[in-house]
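Here is the file work_5.cif (mmCIF, C-alpha atoms).
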```
data_target
loop_
_atom_site.group_PDB
_atom_site.id
_atom_site.type_symbol
_atom_site.label_atom_id
_atom_site.label_comp_id
_atom_site.auth_asym_id
_atom_site.auth_seq_id
_atom_site.Cartn_x
_atom_site.Cartn_y
_atom_site.Cartn_z
ATOM 1 C CA MET J 1358 -55.470 -54.344 6.027
ATOM 2 C CA PRO J 1359 -53.847 -57.334 7.746
ATOM 3 C CA ASP J 1360 -51.236 -56.627 10.404
ATOM 4 C CA THR J 1361 -48.690 -58.951 8.832
ATOM 5 C CA PRO J 1362 -48.679 -59.515 5.056
ATOM 6 C CA ALA J 1363 -48.380 -63.088 3.880
ATOM 7 C CA SER J 1364 -45.053 -62.465 2.160
ATOM 8 C CA VAL J 1365 -42.463 -59.745 1.703
ATOM 9 C CA PRO J 1366 -42.500 -57.652 -1.513
ATOM 10 C CA ASP J 1367 -40.725 -58.835 -4.604
ATOM 11 C CA PHE J 1368 -37.893 -56.314 -4.169
ATOM 12 C CA ALA J 1369 -36.682 -58.378 -1.210
ATOM 13 C CA ARG J 1370 -35.416 -60.873 -3.815
ATOM 14 C CA TRP J 1371 -33.623 -58.250 -5.916
ATOM 15 C CA PRO J 1372 -29.818 -58.544 -6.002
ATOM 16 C CA SER J 1373 -29.596 -54.940 -4.792
ATOM 17 C CA PHE J 1374 -31.651 -55.629 -1.663
ATOM 18 C CA PRO J 1375 -29.150 -55.394 1.207
ATOM 19 C CA PHE J 1376 -30.733 -57.946 3.563
ATOM 20 C CA GLU J 1377 -31.362 -61.674 3.509
ATOM 21 C CA GLY J 1378 -32.891 -64.328 5.702
ATOM 22 C CA ASP J 1379 -36.306 -64.383 7.305
ATOM 23 C CA LEU J 1380 -37.873 -60.944 7.039
ATOM 24 C CA ARG J 1381 -41.142 -59.560 8.251
ATOM 25 C CA VAL J 1382 -42.934 -56.414 7.194
ATOM 26 C CA LYS J 1383 -43.698 -53.944 9.965
ATOM 27 C CA ARG J 1384 -47.232 -53.171 10.936
ATOM 28 C CA LEU J 1385 -48.373 -49.896 9.350
ATOM 29 C CA ASP J 1386 -49.261 -47.210 11.898
ATOM 30 C CA ASP J 1387 -52.519 -45.349 11.746
ATOM 31 C CA PRO J 1388 -52.375 -41.971 9.954
ATOM 32 C CA VAL J 1389 -52.231 -38.806 12.057
ATOM 33 C CA ASP J 1390 -54.588 -35.867 11.740
ATOM 34 C CA VAL J 1391 -51.858 -33.177 11.686
ATOM 35 C CA GLU J 1392 -48.284 -33.785 10.599
ATOM 36 C CA PRO J 1393 -45.534 -32.446 12.866
ATOM 37 C CA PRO J 1394 -43.493 -29.484 11.608
ATOM 38 C CA ARG J 1395 -40.200 -30.177 9.884
ATOM 39 C CA LYS J 1396 -36.914 -28.706 10.993
ATOM 40 C CA GLY J 1397 -36.728 -25.050 10.079
ATOM 41 C CA GLU J 1398 -40.407 -24.790 9.277
ATOM 42 C CA GLY J 1399 -42.552 -21.901 10.466
ATOM 43 C CA THR J 1400 -40.970 -19.806 13.200
ATOM 44 C CA ALA J 1401 -38.485 -22.473 14.220
ATOM 45 C CA GLU J 1402 -34.807 -21.725 13.688
ATOM 46 C CA CYS J 1403 -33.396 -23.242 10.489
ATOM 47 C CA SER J 1404 -30.036 -24.934 10.958
ATOM 48 C CA SER J 1405 -29.165 -24.518 7.276
ATOM 49 C CA CYS J 1406 -29.778 -20.760 7.317
ATOM 50 C CA SER J 1407 -27.702 -20.279 10.474
ATOM 51 C CA ALA J 1408 -24.785 -22.480 9.340
ATOM 52 C CA PRO J 1409 -21.647 -20.519 8.404
ATOM 53 C CA ASP J 1410 -19.970 -20.918 5.042
ATOM 54 C CA ASP J 1411 -17.075 -22.745 6.702
ATOM 55 C CA ALA J 1412 -19.403 -25.720 7.221
ATOM 56 C CA TYR J 1413 -19.619 -26.222 3.429
ATOM 57 C CA ILE J 1414 -17.118 -27.403 0.824
ATOM 58 C CA TRP J 1415 -18.207 -24.841 -1.801
ATOM 59 C CA VAL J 1416 -20.376 -21.711 -1.659
ATOM 60 C CA SER J 1417 -21.674 -19.120 -4.093
ATOM 61 C CA GLU J 1418 -24.054 -16.210 -3.973
ATOM 62 C CA ARG J 1419 -27.183 -18.386 -4.114
ATOM 63 C CA TRP J 1420 -26.043 -22.021 -3.554
ATOM 64 C CA ARG J 1421 -23.981 -24.042 -1.117
ATOM 65 C CA VAL J 1422 -22.730 -27.660 -1.075
ATOM 66 C CA ARG J 1423 -21.992 -29.539 2.129
ATOM 67 C CA ALA J 1424 -20.813 -33.018 3.046
ATOM 68 C CA MET J 1425 -21.319 -35.380 5.935
ATOM 69 C CA ASP J 1426 -19.329 -34.833 9.112
ATOM 70 C CA ARG J 1427 -17.320 -38.027 8.504
ATOM 71 C CA PRO J 1428 -16.623 -40.563 5.719
ATOM 72 C CA THR J 1429 -19.317 -43.112 4.865
ATOM 73 C CA GLY J 1430 -19.458 -46.281 2.792
ATOM 74 C CA LEU J 1431 -19.857 -44.590 -0.592
ATOM 75 C CA PRO J 1432 -17.070 -42.659 -2.338
ATOM 76 C CA MET J 1433 -19.034 -39.410 -2.046
ATOM 77 C CA VAL J 1434 -22.278 -38.167 -0.489
ATOM 78 C CA LEU J 1435 -23.080 -34.460 -0.883
ATOM 79 C CA ILE J 1436 -26.051 -32.175 -0.300
ATOM 80 C CA LEU J 1437 -26.933 -29.185 -2.474
ATOM 81 C CA GLU J 1438 -28.770 -26.368 -0.677
ATOM 82 C CA SER J 1439 -30.128 -23.002 -1.667
ATOM 83 C CA ARG J 1440 -28.727 -20.152 0.371
ATOM 84 C CA SER J 1441 -32.173 -18.592 0.742
ATOM 85 C CA HIS J 1442 -34.816 -20.378 2.776
ATOM 86 C CA PHE J 1443 -37.023 -22.023 0.139
ATOM 87 C CA ASP J 1444 -38.521 -25.425 -0.409
ATOM 88 C CA LEU J 1445 -38.560 -27.035 -3.843
ATOM 89 C CA GLY J 1446 -42.037 -25.872 -4.775
ATOM 90 C CA ASP J 1447 -41.394 -22.347 -3.453
ATOM 91 C CA LEU J 1448 -38.372 -21.551 -5.619
ATOM 92 C CA PRO J 1449 -38.641 -18.401 -7.747
ATOM 93 C CA ASN J 1450 -38.032 -18.813 -11.448
ATOM 94 C CA LEU J 1451 -34.404 -17.708 -11.267
ATOM 95 C CA LEU J 1452 -33.475 -20.270 -8.616
ATOM 96 C CA ALA J 1453 -35.626 -22.932 -10.273
ATOM 97 C CA ALA J 1454 -33.662 -22.498 -13.504
ATOM 98 C CA GLU J 1455 -30.342 -22.474 -11.669
ATOM 99 C CA LEU J 1456 -31.295 -25.630 -9.770
ATOM 100 C CA GLY J 1457 -31.221 -27.579 -13.012
ATOM 101 C CA VAL J 1458 -27.810 -26.179 -13.915
ATOM 102 C CA MET J 1459 -26.404 -26.844 -10.434
ATOM 103 C CA THR J 1460 -27.792 -30.398 -10.405
ATOM 104 C CA VAL J 1461 -26.067 -31.265 -13.683
ATOM 105 C CA ARG J 1462 -22.848 -29.500 -12.696
ATOM 106 C CA LEU J 1463 -22.571 -31.253 -9.335
ATOM 107 C CA GLU J 1464 -23.422 -34.629 -10.866
ATOM 108 C CA ARG J 1465 -20.611 -34.209 -13.377
ATOM 109 C CA ALA J 1466 -18.163 -33.151 -10.676
ATOM 110 C CA ILE J 1467 -18.873 -36.228 -8.553
ATOM 111 C CA ARG J 1468 -18.845 -38.560 -11.561
ATOM 112 C CA SER J 1469 -15.375 -37.278 -12.485
ATOM 113 C CA LEU J 1470 -13.915 -38.890 -9.346
ATOM 114 C CA ASP J 1471 -11.950 -42.107 -9.715
ATOM 115 C CA GLY J 1472 -14.008 -45.207 -9.047
ATOM 116 C CA VAL J 1473 -17.439 -43.600 -9.500
ATOM 117 C CA ALA J 1474 -19.846 -45.135 -12.022
ATOM 118 C CA ARG J 1475 -23.157 -43.359 -11.365
ATOM 119 C CA VAL J 1476 -24.499 -40.521 -9.232
ATOM 120 C CA HIS J 1477 -27.961 -40.869 -7.717
ATOM 121 C CA VAL J 1478 -29.859 -37.614 -7.117
ATOM 122 C CA ASN J 1479 -32.583 -37.746 -4.467
ATOM 123 C CA ARG J 1480 -34.937 -35.298 -2.834
ATOM 124 C CA TRP J 1481 -37.094 -36.358 0.110
ATOM 125 C CA GLY J 1482 -37.714 -33.217 2.108
ATOM 126 C CA ASP J 1483 -39.446 -34.853 5.099
ATOM 127 C CA GLY J 1484 -36.767 -33.962 7.603
ATOM 128 C CA SER J 1485 -35.935 -30.332 6.830
ATOM 129 C CA ALA J 1486 -38.006 -27.551 5.278
ATOM 130 C CA HIS J 1487 -34.905 -25.992 3.711
ATOM 131 C CA LEU J 1488 -34.379 -27.209 0.138
ATOM 132 C CA HIS J 1489 -31.679 -29.876 -0.023
ATOM 133 C CA LEU J 1490 -30.886 -32.465 -2.715
ATOM 134 C CA TRP J 1491 -28.851 -35.580 -2.002
ATOM 135 C CA PHE J 1492 -26.081 -36.749 -4.369
ATOM 136 C CA LEU J 1493 -24.836 -40.303 -3.786
ATOM 137 C CA ALA J 1494 -21.980 -41.824 -5.796
ATOM 138 C CA ARG J 1495 -22.168 -45.513 -6.676
ATOM 139 C CA PRO J 1496 -18.763 -47.241 -6.861
ATOM 140 C CA TYR J 1497 -17.718 -48.524 -10.256
ATOM 141 C CA GLY J 1498 -18.226 -52.263 -10.732
ATOM 142 C CA GLN J 1499 -20.406 -52.682 -7.632
ATOM 143 C CA LEU J 1500 -23.486 -53.869 -9.488
ATOM 144 C CA GLN J 1501 -25.170 -55.034 -6.312
ATOM 145 C CA LEU J 1502 -25.466 -51.389 -5.225
ATOM 146 C CA ARG J 1503 -27.511 -50.344 -8.246
ATOM 147 C CA GLY J 1504 -30.973 -48.932 -7.780
ATOM 148 C CA THR J 1505 -33.061 -47.513 -4.994
ATOM 149 C CA PHE J 1506 -31.220 -49.128 -2.062
ATOM 150 C CA LEU J 1507 -27.982 -47.206 -2.519
ATOM 151 C CA SER J 1508 -28.732 -44.960 0.449
ATOM 152 C CA LEU J 1509 -29.111 -48.058 2.642
ATOM 153 C CA TRP J 1510 -25.840 -49.508 1.441
ATOM 154 C CA ASP J 1511 -24.106 -46.251 2.389
ATOM 155 C CA SER J 1512 -24.782 -47.044 6.056
ATOM 156 C CA ILE J 1513 -23.918 -50.747 5.726
ATOM 157 C CA LEU J 1514 -20.596 -50.603 3.887
ATOM 158 C CA PRO J 1515 -17.403 -49.870 5.843
ATOM 159 C CA PRO J 1516 -16.433 -46.190 5.556
ATOM 160 C CA ILE J 1517 -13.737 -45.169 3.124
ATOM 161 C CA SER J 1518 -10.465 -43.726 4.392
ATOM 162 C CA GLU J 1519 -10.533 -40.151 5.599
ATOM 163 C CA SER J 1520 -7.638 -39.144 3.334
ATOM 164 C CA ARG J 1521 -9.473 -40.352 0.245
ATOM 165 C CA TRP J 1522 -12.674 -38.731 1.461
ATOM 166 C CA ARG J 1523 -11.036 -35.345 1.950
ATOM 167 C CA GLU J 1524 -9.275 -35.571 -1.386
ATOM 168 C CA ASN J 1525 -12.594 -36.281 -3.136
ATOM 169 C CA LEU J 1526 -14.205 -33.315 -1.388
ATOM 170 C CA ALA J 1527 -11.411 -31.020 -2.559
ATOM 171 C CA LEU J 1528 -11.667 -32.280 -6.135
ATOM 172 C CA VAL J 1529 -15.421 -31.689 -6.297
ATOM 173 C CA ALA J 1530 -15.062 -28.229 -4.755
ATOM 174 C CA ALA J 1531 -12.330 -27.329 -7.251
ATOM 175 C CA TRP J 1532 -14.538 -28.507 -10.140
ATOM 176 C CA LEU J 1533 -17.402 -26.285 -8.990
ATOM 177 C CA ALA J 1534 -15.055 -23.335 -8.426
ATOM 178 C CA GLU J 1535 -14.104 -23.442 -12.107
ATOM 179 C CA PHE J 1536 -17.584 -22.042 -12.836
ATOM 180 C CA GLY J 1537 -17.658 -19.545 -9.964
ATOM 181 C CA GLY J 1538 -18.081 -19.447 -6.230
ATOM 182 C CA ARG J 1539 -15.463 -20.266 -3.602
ATOM 183 C CA GLN J 1540 -13.722 -23.554 -2.894
ATOM 184 C CA LEU J 1541 -13.558 -24.210 0.843
ATOM 185 C CA ALA J 1542 -12.522 -27.875 0.949
ATOM 186 C CA GLU J 1543 -8.761 -28.350 0.797
ATOM 187 C CA PRO J 1544 -6.865 -31.586 0.032
ATOM 188 C CA PRO J 1545 -5.211 -33.378 2.962
ATOM 189 C CA ARG J 1546 -1.699 -32.332 3.883
ATOM 190 C CA ILE J 1547 1.245 -34.583 3.043
ATOM 191 C CA GLN J 1548 2.569 -36.234 6.190
ATOM 192 C CA TRP J 1549 6.355 -36.206 6.193
ATOM 193 C CA ARG J 1550 9.188 -35.827 8.714
ATOM 194 C CA ALA J 1551 12.614 -34.438 7.971
ATOM 195 C CA PRO J 1552 15.715 -35.789 9.794
ATOM 196 C CA SER J 1553 16.646 -33.757 12.857
ATOM 197 C CA ASN J 1554 20.230 -33.327 11.691
ATOM 198 C CA LEU J 1555 22.710 -34.536 9.109
ATOM 199 C CA THR J 1556 24.375 -36.847 11.603
ATOM 200 C CA GLU J 1557 21.162 -38.815 12.022
ATOM 201 C CA GLN J 1558 20.778 -39.034 8.256
ATOM 202 C CA ALA J 1559 24.375 -40.183 7.825
ATOM 203 C CA SER J 1560 24.016 -42.844 10.526
ATOM 204 C CA HIS J 1561 21.194 -44.438 8.546
ATOM 205 C CA PRO J 1562 22.363 -44.550 4.917
ATOM 206 C CA VAL J 1563 19.765 -45.434 2.334
ATOM 207 C CA SER J 1564 20.222 -48.800 0.670
ATOM 208 C CA VAL J 1565 18.841 -50.249 -2.529
ATOM 209 C CA ASP J 1566 16.350 -52.322 -0.555
ATOM 210 C CA ASP J 1567 14.749 -49.146 0.801
ATOM 211 C CA PHE J 1568 13.683 -48.147 -2.697
ATOM 212 C CA ASP J 1569 11.783 -51.355 -3.367
ATOM 213 C CA GLU J 1570 8.813 -49.966 -1.458
ATOM 214 C CA ILE J 1571 8.566 -46.936 -3.754
ATOM 215 C CA ASP J 1572 6.686 -47.449 -6.987
ATOM 216 C CA GLY J 1573 8.792 -46.844 -10.050
ATOM 217 C CA ALA J 1574 12.081 -46.412 -8.137
ATOM 218 C CA GLY J 1575 14.905 -48.628 -9.420
ATOM 219 C CA PRO J 1576 18.370 -49.384 -8.060
ATOM 220 C CA ALA J 1577 19.753 -46.491 -10.125
ATOM 221 C CA VAL J 1578 18.110 -44.044 -7.747
ATOM 222 C CA ALA J 1579 19.893 -45.523 -4.764
ATOM 223 C CA GLU J 1580 23.283 -44.974 -6.379
ATOM 224 C CA LEU J 1581 22.831 -41.235 -5.907
ATOM 225 C CA VAL J 1582 22.808 -41.602 -2.112
ATOM 226 C CA VAL J 1583 26.326 -41.429 -0.689
ATOM 227 C CA PRO J 1584 26.927 -42.110 3.041
ATOM 228 C CA MET J 1585 28.586 -39.244 4.850
ATOM 229 C CA GLU J 1586 31.404 -41.398 6.236
ATOM 230 C CA SER J 1587 32.509 -42.385 2.708
ATOM 231 C CA ILE J 1588 33.364 -38.785 1.775
ATOM 232 C CA GLU J 1589 37.087 -38.034 2.297
ATOM 233 C CA PRO J 1590 38.040 -34.694 3.885
ATOM 234 C CA ALA J 1591 39.446 -32.040 1.589
ATOM 235 C CA ALA J 1592 43.230 -31.500 1.552
ATOM 236 C CA ASP J 1593 44.557 -28.596 3.604
ATOM 237 C CA LEU J 1594 46.518 -25.664 2.228
ATOM 238 C CA GLY J 1595 49.850 -27.272 3.102
ATOM 239 C CA GLU J 1596 49.182 -30.305 0.954
ATOM 240 C CA LEU J 1597 47.979 -28.107 -1.892
ATOM 241 C CA ALA J 1598 51.181 -26.045 -1.716
ATOM 242 C CA SER J 1599 53.276 -29.217 -1.768
ATOM 243 C CA ASP J 1600 51.456 -30.454 -4.840
ATOM 244 C CA VAL J 1601 52.075 -27.147 -6.604
ATOM 245 C CA ALA J 1602 55.799 -27.254 -5.775
ATOM 246 C CA THR J 1603 56.098 -30.837 -7.021
ATOM 247 C CA THR J 1604 54.399 -29.898 -10.251
ATOM 248 C CA GLN J 1605 56.814 -27.001 -10.794
ATOM 249 C CA GLN J 1606 59.847 -29.245 -10.289
ATOM 250 C CA GLY J 1607 58.477 -32.049 -12.453
ATOM 251 C CA GLU J 1608 56.462 -31.760 -15.634
ATOM 252 C CA PRO J 1609 56.002 -28.221 -16.954
ATOM 253 C CA LEU J 1610 52.519 -26.786 -16.727
ATOM 254 C CA ALA J 1611 50.609 -26.068 -19.909
ATOM 255 C CA ALA J 1612 51.430 -22.585 -21.110
ATOM 256 C CA ASP J 1613 48.736 -19.997 -21.530
ATOM 257 C CA PRO J 1614 48.219 -18.953 -25.196
ATOM 258 C CA ALA J 1615 48.661 -15.304 -24.250
ATOM 259 C CA ASP J 1616 51.990 -16.055 -22.598
ATOM 260 C CA VAL J 1617 53.121 -17.918 -25.722
ATOM 261 C CA ALA J 1618 52.277 -14.925 -27.860
ATOM 262 C CA ASP J 1619 54.222 -12.589 -25.567
ATOM 263 C CA ALA J 1620 57.237 -14.891 -25.583
ATOM 264 C CA ALA J 1621 57.220 -15.061 -29.382
ATOM 265 C CA ALA J 1622 57.644 -11.266 -29.662
ATOM 266 C CA PRO J 1623 61.439 -10.497 -30.171
ATOM 267 C CA ALA J 1624 62.850 -8.370 -27.376
ATOM 268 C CA ASP J 1625 66.258 -7.753 -29.063
ATOM 269 C CA ASP J 1626 68.356 -8.770 -32.081
ATOM 270 C CA SER J 1627 69.452 -12.053 -30.578
ATOM 271 C CA ALA J 1628 65.872 -12.984 -29.897
ATOM 272 C CA ALA J 1629 64.964 -12.129 -33.509
ATOM 273 C CA THR J 1630 67.824 -14.328 -34.765
ATOM 274 C CA ASP J 1631 66.618 -17.244 -32.630
ATOM 275 C CA ALA J 1632 63.084 -16.718 -33.883
ATOM 276 C CA GLY J 1633 64.277 -16.838 -37.492
ATOM 277 C CA THR J 1634 66.155 -20.049 -36.817
ATOM 278 C CA GLU J 1635 63.083 -21.627 -35.263
ATOM 279 C CA ALA J 1636 60.966 -20.500 -38.195
ATOM 280 C CA LYS J 1637 63.434 -22.127 -40.604
ATOM 281 C CA LYS J 1638 63.219 -25.361 -38.679
ATOM 282 C CA ASP J 1639 59.459 -25.256 -38.947
ATOM 283 C CA ASP J 1640 59.776 -24.840 -42.723
ATOM 284 C CA ASP J 1641 62.205 -27.767 -43.031
ATOM 285 C CA PRO J 1642 60.302 -30.626 -44.714
ATOM 286 C CA ASP J 1643 62.682 -33.176 -43.230
ATOM 287 C CA LEU J 1644 61.240 -32.545 -39.757
ATOM 288 C CA GLU J 1645 57.819 -33.824 -40.828
ATOM 289 C CA GLY J 1646 57.099 -37.207 -39.290
ATOM 290 C CA ALA J 1647 60.018 -36.932 -36.857
ATOM 291 C CA THR J 1648 59.928 -39.113 -33.796
ATOM 292 C CA ASP J 1649 60.349 -38.166 -30.187
ATOM 293 C CA GLN J 1650 63.184 -39.990 -28.481
ATOM 294 C CA ASP J 1651 61.096 -40.684 -25.379
ATOM 295 C CA GLY J 1652 57.716 -41.344 -26.961
ATOM 296 C CA PRO J 1653 55.716 -42.524 -29.947
ATOM 297 C CA GLU J 1654 55.836 -40.994 -33.354
ATOM 298 C CA VAL J 1655 54.845 -37.365 -33.446
ATOM 299 C CA PRO J 1656 52.107 -36.893 -36.059
ATOM 300 C CA ALA J 1657 52.706 -34.590 -38.926
ATOM 301 C CA ALA J 1658 51.007 -31.218 -39.145
ATOM 302 C CA SER J 1659 48.704 -32.482 -41.868
ATOM 303 C CA ASP J 1660 47.445 -35.381 -39.717
ATOM 304 C CA SER J 1661 44.135 -35.151 -37.899
ATOM 305 C CA ALA J 1662 44.344 -33.618 -34.427
ATOM 306 C CA THR J 1663 41.481 -35.622 -33.059
ATOM 307 C CA SER J 1664 41.450 -38.974 -31.351
ATOM 308 C CA PRO J 1665 39.876 -42.075 -33.007
ATOM 309 C CA THR J 1666 36.660 -41.307 -31.124
ATOM 310 C CA GLY J 1667 36.486 -37.878 -32.696
ATOM 311 C CA SER J 1668 37.294 -35.858 -29.568
ATOM 312 C CA ALA J 1669 40.078 -33.289 -29.524
ATOM 313 C CA ARG J 1670 43.222 -34.270 -27.727
#
```

Now, as a test, write the supplied structure out as structure tokens.
Amino acid sequence: MPDTPASVPDFARWPSFPFEGDLRVKRLDDPVDVEPPRKGEGTAECSSCSAPDDAYIWVSERWRVRAMDRPTGLPMVLILESRSHFDLGDLPNLLAAELGVMTVRLERAIRSLDGVARVHVNRWGDGSAHLHLWFLARPYGQLQLRGTFLSLWDSILPPISESRWRENLALVAAWLAEFGGRQLAEPPRIQWRAPSNLTEQASHPVSVDDFDEIDGAGPAVAELVVPMESIEPAADLGELASDVATTQQGEPLAADPADVADAAAPADDSAATDAGTEAKKDDDPDLEGATDQDGPEVPAASDSATSPTGSAR
């Protein structure tokens, strides 16, 4: 076999190939007689078996799902592991059957995220002896990332924001928890700061321009914000007493219906005579349509008691 092939393979010209320019294929090393042990193989300590549940985003009785320690270039990269120490070919029938269910369930959970078009499922198994399947989400519309080089693009692309990454982890964990197990990944906390006191808030009144940065907020929202200095102080008891006295000396207050009923009851003969006179006046048809000397025409009893808009006066 020649040390340097004449040309690179055809996949180097694929649109999904992440490199360009002059490339050269590495020289293939000679095969070894005995392969080195993988991590967690034989008597060596397995890092997956010793990892606590807090290191995962979702756990159940027989399966666990973990993420990378930091955001990467793809919207989501997750690893499905069996809780028991098995490799793929060593799975008992129960876990082998559940592996198919868990693979489909986790693929659906990742594909439900915003901006995810496909989910690639990979199993290599050359690094660790503990069963682990990789799930890599391809961003929607990024056709150049299609195919077998998606794992390479994950290391090339700039990492997504940590807030989006943590939110995606919480959404996937919540999806899995709908079918059982425990959700351990929580969404990021909302960062906010309340004013230290009302004086500070009053010294910086909110204007209409401040609401332009908020989606969907119009000027009508800003009208609800009233600066503290524009609020007049309430009147003291002295002013209230003066207003009451002025009202008593001026226009009479509206009488309570109960008081009117009590006043209508005759206390003696003279009161009964006055009541009969008043009743006669009410029965006099000539009083209908009479006018008040100081105001407009008083409507007759048969006229409507409501204003032109239909509301009671």

Skipping near chain neighbours, those fewer than 4 positions away, what residues fall within 12 Å of Glu1535 of chain J using all atoms listed in the file, listed as a PDB file with C-alpha atoms, in the frame of the given file?
```pdb
ATOM      1  CA  TRP J1415     -18.207 -24.841  -1.801  1.00  0.00           C
ATOM      2  CA  SER J1417     -21.674 -19.120  -4.093  1.00  0.00           C
ATOM      3  CA  ARG J1462     -22.848 -29.500 -12.696  1.00  0.00           C
ATOM      4  CA  LEU J1463     -22.571 -31.253  -9.335  1.00  0.00           C
ATOM      5  CA  ALA J1466     -18.163 -33.151 -10.676  1.00  0.00           C
ATOM      6  CA  LEU J1528     -11.667 -32.280  -6.135  1.00  0.00           C
ATOM      7  CA  VAL J1529     -15.421 -31.689  -6.297  1.00  0.00           C
ATOM      8  CA  ALA J1530     -15.062 -28.229  -4.755  1.00  0.00           C
ATOM      9  CA  ALA J1531     -12.330 -27.329  -7.251  1.00  0.00           C
ATOM     10  CA  ARG J1539     -15.463 -20.266  -3.602  1.00  0.00           C
ATOM     11  CA  GLN J1540     -13.722 -23.554  -2.894  1.00  0.00           C
TER      12      GLN J1540
END
```

How close does each residue of segment 1474-1536 of chain J get to segment 1387-1393 of chain J, giving the shortest atom pair and distance in Å to one decimal for every residue with an atom at most 12 Å away, counting all atoms listed in the file, sorted by chain and residue number, as a Markdown table?
```
| residue | atom | partner | partner_atom | distance |
| --- | --- | --- | --- | --- |
| J:Asp1483 | CA | J:Pro1393 | CA | 10.2 |
| J:Gly1484 | CA | J:Pro1393 | CA | 10.3 |
| J:Ser1485 | CA | J:Pro1393 | CA | 11.5 |
| J:Ala1486 | CA | J:Pro1393 | CA | 11.8 |
```

Deliver the residues from the most recent selection as a file, using C-alpha atoms, as a PDB file, in the frame of the given file.
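The resulting out.pdb:
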```
ATOM      1  CA  ASP J1483     -39.446 -34.853   5.099  1.00  0.00           C
ATOM      2  CA  GLY J1484     -36.767 -33.962   7.603  1.00  0.00           C
ATOM      3  CA  SER J1485     -35.935 -30.332   6.830  1.00  0.00           C
ATOM      4  CA  ALA J1486     -38.006 -27.551   5.278  1.00  0.00           C
TER       5      ALA J1486
END
```

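Of the residues under consideration (J:Val1473, J:Met1425, J:Leu1456, J:Ile1436), J:Ile1436 shows the shortest atom-to-atom contact distance to Leu1490 of chain J when counting all atoms listed in the file.
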
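Using only C-alpha atoms, the nearest neighbour of His1442 of chain J within the list J:Leu1500, J:Ala1408, J:Val1365, J:Cys1403 is J:Cys1403.
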
Would you write out, as a ChimeraX atom specification, every residue that the PyMOL selection byres ((chain J and resi 1444-1449) around 8) captures in this file? /J:1442-1443,1450-1453,1486-1488

Taking 2 positions as the minimum chain separation for residues in the same chain, which residues sit within 12 Å of segment 1515-1525 of chain J when counting all atoms listed in the file? Answer as a ChimeraX atom specification. /J:1414,1424-1435,1466-1473,1494,1496,1510-1513,1527-1532,1541-1548

Translate the PyMOL selection byres ((chain J and resi 1504) around 12) into a concrete residue list for this structure, as a PDB file with C-alpha atoms, in the frame of the given file.
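Below is the file that was written, result-v6.pdb:
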```
ATOM      1  CA  PHE J1368     -37.893 -56.314  -4.169  1.00  0.00           C
ATOM      2  CA  TRP J1371     -33.623 -58.250  -5.916  1.00  0.00           C
ATOM      3  CA  PRO J1372     -29.818 -58.544  -6.002  1.00  0.00           C
ATOM      4  CA  SER J1373     -29.596 -54.940  -4.792  1.00  0.00           C
ATOM      5  CA  PHE J1374     -31.651 -55.629  -1.663  1.00  0.00           C
ATOM      6  CA  PRO J1375     -29.150 -55.394   1.207  1.00  0.00           C
ATOM      7  CA  ARG J1475     -23.157 -43.359 -11.365  1.00  0.00           C
ATOM      8  CA  VAL J1476     -24.499 -40.521  -9.232  1.00  0.00           C
ATOM      9  CA  HIS J1477     -27.961 -40.869  -7.717  1.00  0.00           C
ATOM     10  CA  VAL J1478     -29.859 -37.614  -7.117  1.00  0.00           C
ATOM     11  CA  ASN J1479     -32.583 -37.746  -4.467  1.00  0.00           C
ATOM     12  CA  LEU J1493     -24.836 -40.303  -3.786  1.00  0.00           C
ATOM     13  CA  ALA J1494     -21.980 -41.824  -5.796  1.00  0.00           C
ATOM     14  CA  ARG J1495     -22.168 -45.513  -6.676  1.00  0.00           C
ATOM     15  CA  GLN J1499     -20.406 -52.682  -7.632  1.00  0.00           C
ATOM     16  CA  LEU J1500     -23.486 -53.869  -9.488  1.00  0.00           C
ATOM     17  CA  GLN J1501     -25.170 -55.034  -6.312  1.00  0.00           C
ATOM     18  CA  LEU J1502     -25.466 -51.389  -5.225  1.00  0.00           C
ATOM     19  CA  ARG J1503     -27.511 -50.344  -8.246  1.00  0.00           C
ATOM     20  CA  THR J1505     -33.061 -47.513  -4.994  1.00  0.00           C
ATOM     21  CA  PHE J1506     -31.220 -49.128  -2.062  1.00  0.00           C
ATOM     22  CA  LEU J1507     -27.982 -47.206  -2.519  1.00  0.00           C
ATOM     23  CA  SER J1508     -28.732 -44.960   0.449  1.00  0.00           C
ATOM     24  CA  LEU J1509     -29.111 -48.058   2.642  1.00  0.00           C
ATOM     25  CA  TRP J1510     -25.840 -49.508   1.441  1.00  0.00           C
TER      26      TRP J1510
END
```

Selection under test: the PyMOL selection byres ((chain J and resi 1416) around 10); residues as a compact mmCIF listing (two decimals) with C-alpha atoms, in the coordinates of the input:
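What landed in expr-v4.txt:
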```txt
# COMPACT_ATOMS: atom_id res chain seq x y z
CA ASP J 1410 -19.97 -20.92 5.04
CA ASP J 1411 -17.08 -22.74 6.70
CA ALA J 1412 -19.40 -25.72 7.22
CA TYR J 1413 -19.62 -26.22 3.43
CA ILE J 1414 -17.12 -27.40 0.82
CA TRP J 1415 -18.21 -24.84 -1.80
CA SER J 1417 -21.67 -19.12 -4.09
CA GLU J 1418 -24.05 -16.21 -3.97
CA ARG J 1419 -27.18 -18.39 -4.11
CA TRP J 1420 -26.04 -22.02 -3.55
CA ARG J 1421 -23.98 -24.04 -1.12
CA VAL J 1422 -22.73 -27.66 -1.08
CA ARG J 1423 -21.99 -29.54 2.13
CA LEU J 1437 -26.93 -29.18 -2.47
CA GLU J 1438 -28.77 -26.37 -0.68
CA SER J 1439 -30.13 -23.00 -1.67
CA ARG J 1440 -28.73 -20.15 0.37
CA ALA J 1530 -15.06 -28.23 -4.76
CA LEU J 1533 -17.40 -26.28 -8.99
CA ALA J 1534 -15.06 -23.34 -8.43
CA GLY J 1537 -17.66 -19.55 -9.96
CA GLY J 1538 -18.08 -19.45 -6.23
CA ARG J 1539 -15.46 -20.27 -3.60
CA GLN J 1540 -13.72 -23.55 -2.89
CA LEU J 1541 -13.56 -24.21 0.84
```
